[in-house]
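Trainee: The structure's right below; bear with me while I get my questions together.
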Amino acid sequence: MIAVKKDKINGDALGTGRRKSSVARVRVRPGSGKITINGKSIEDYFVNDQHRYAITETLEAAGLTDSVDLLIRVSGGGMTGQAGAVRMGLARALCSHDEALHDPMREGSFLTRDSRMKERKKPGLRGARRGVQFSKR
């Protein structure tokens, strides 16, 4: 089971998600279904439908599309990494909000951390695997 994290002041459920180099901090509070990401609406922040779907899919699996408000702060990485981080953070926050949602979140693999990271640059090479171009003369 995931540790239940709640805000001590107002009781919001909290969750942190990470993917690649992105980190998302998610707050879930009872409300009308408003989603705010870094002070913007979800349509303004995630322009791509695929990124928006990663977030709304988690809410639909929990059945809380219109009953909770989300306050999300996300930083680092690109849009796909940020969407994946928000998805995981939201799943963790929903589990803190209602422990009965742990099984649907686990079955949908929303709680699984994607461990794939950028490979580091190696000494003597131009990139992680790309070597220096060979010159015959």
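If you're wondering about the labels, chains in the structure tokens are A, B, ... by order shown, residues count from 1 in each chain, ligands from 1 in order shown.
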Near Asp69 of chain A, within 7 Å and counting only C-alpha atoms, which residues show up once chain neighbours fewer than 5 positions away are dropped, as a PyMOL selection string?
Mentor: chain A and resi 28-35
Trainee: Could you name the residues that touch Gly78 of chain A at 12 Å or less, counting only C-alpha atoms, but leaving out those on the same chain fewer than 6 positions away, as a compact mmCIF listing (two decimals) with C-alpha atoms, in the first residue's frame?
Mentor:
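So the final result, stored in selection.txt, reads:
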# COMPACT_ATOMS: atom_id res chain seq x y z
CA ARG A 19 8.98 10.33 -15.30
CA LYS A 20 12.29 10.92 -17.09
CA SER A 21 13.41 14.27 -15.66
CA SER A 22 9.90 15.59 -14.90
CA VAL A 23 8.43 15.92 -11.43
CA TYR A 45 -1.10 23.58 -20.83
CA PHE A 46 -1.34 20.24 -22.65
CA HIS A 51 -1.16 14.20 -23.11
CA GLY A 84 3.49 10.79 -17.49
CA ALA A 85 4.61 12.38 -14.23
Trainee: Just want the 10 Å neighbourhood of Pro104 of chain A, counted on only C-alpha atoms, with same-chain residues fewer than 6 positions away dropped. Output as a list in words.
Mentor: Thr58, Ala61, Ala62, Gly63, Ala91, Cys95, Phe110 and Leu111 of chain A
Trainee: Pick the closest to Arg18 of chain A from A:Leu125, A:Val86, A:Ala100, A:Leu94: which is it, counting only C-alpha atoms?
Mentor: A:Val86
Trainee: So how many Å separate atom CA of Arg27 of chain A and atom CA of Gly15 of chain A, to one decimal?
Mentor: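 Separation between atom CA of Arg27 of chain A and atom CA of Gly15 of chain A: 6.7 Å.
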Trainee: Do you know which residues are at most 7 Å from Thr36 of chain A counting only C-alpha atoms, after dropping those on the same chain fewer than 3 positions away, and could you put them as a PyMOL selection string?
Mentor: chain A and resi 39-42+70-72
Trainee: Running DSSP on the backbone, which parts of chain A land in strand (DSSP E), as a PyMOL selection string?
Mentor: chain A and resi 13-19+22-30+35-37+40-41+68-75
Trainee: Would you save the residues from that selection as a tab-separated table (two decimals), in the first residue's frame, using C-alpha atoms?
Mentor:
chain	number	residue	atom	x	y	z
A	13	ALA	CA	-4.68	14.53	-0.81
A	14	LEU	CA	-1.12	14.78	-2.14
A	15	GLY	CA	0.83	12.74	-4.67
A	16	THR	CA	4.20	13.04	-6.38
A	17	GLY	CA	4.89	11.53	-9.77
A	18	ARG	CA	8.12	11.30	-11.73
A	19	ARG	CA	8.98	10.33	-15.30
A	22	SER	CA	9.90	15.59	-14.90
A	23	VAL	CA	8.43	15.92	-11.43
A	24	ALA	CA	4.72	16.55	-10.77
A	25	ARG	CA	3.14	17.48	-7.44
A	26	VAL	CA	-0.59	16.85	-7.43
A	27	ARG	CA	-3.27	18.03	-4.98
A	28	VAL	CA	-6.73	16.46	-5.02
A	29	ARG	CA	-9.62	18.21	-3.25
A	30	PRO	CA	-13.39	17.77	-3.44
A	35	ILE	CA	-7.99	20.84	-13.48
A	36	THR	CA	-5.28	23.50	-13.06
A	37	ILE	CA	-1.70	22.86	-14.20
A	40	LYS	CA	-3.35	27.21	-16.55
A	41	SER	CA	-6.26	25.02	-17.60
A	68	VAL	CA	-12.64	16.41	-7.53
A	69	ASP	CA	-10.54	19.48	-8.36
A	70	LEU	CA	-6.86	19.05	-9.25
A	71	LEU	CA	-4.07	21.52	-8.55
A	72	ILE	CA	-0.92	20.37	-10.31
A	73	ARG	CA	2.60	21.80	-10.32
A	74	VAL	CA	4.92	20.15	-12.80
A	75	SER	CA	8.48	20.99	-13.81
Trainee: Using only C-alpha atoms, find the one residue out of A:Met117, A:Val4, A:Ala128, A:Ala83 that sits nearest to Tyr53 of chain A.
Mentor: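 Closest candidate: A:Ala83.
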Trainee: Pick the closest to Leu101 of chain A from A:Leu59, A:Asp114, A:Asp12, A:Arg120: which is it, counting only C-alpha atoms?
Mentor: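 So, comparing all the options, the nearest one is A:Leu59.
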Trainee: To one decimal in Å, tell me the separation between atom CA of Glu107 of chain A and atom CA of Thr80 of chain A.
Mentor: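 That distance, rounded to one decimal, is 21.9 Å.
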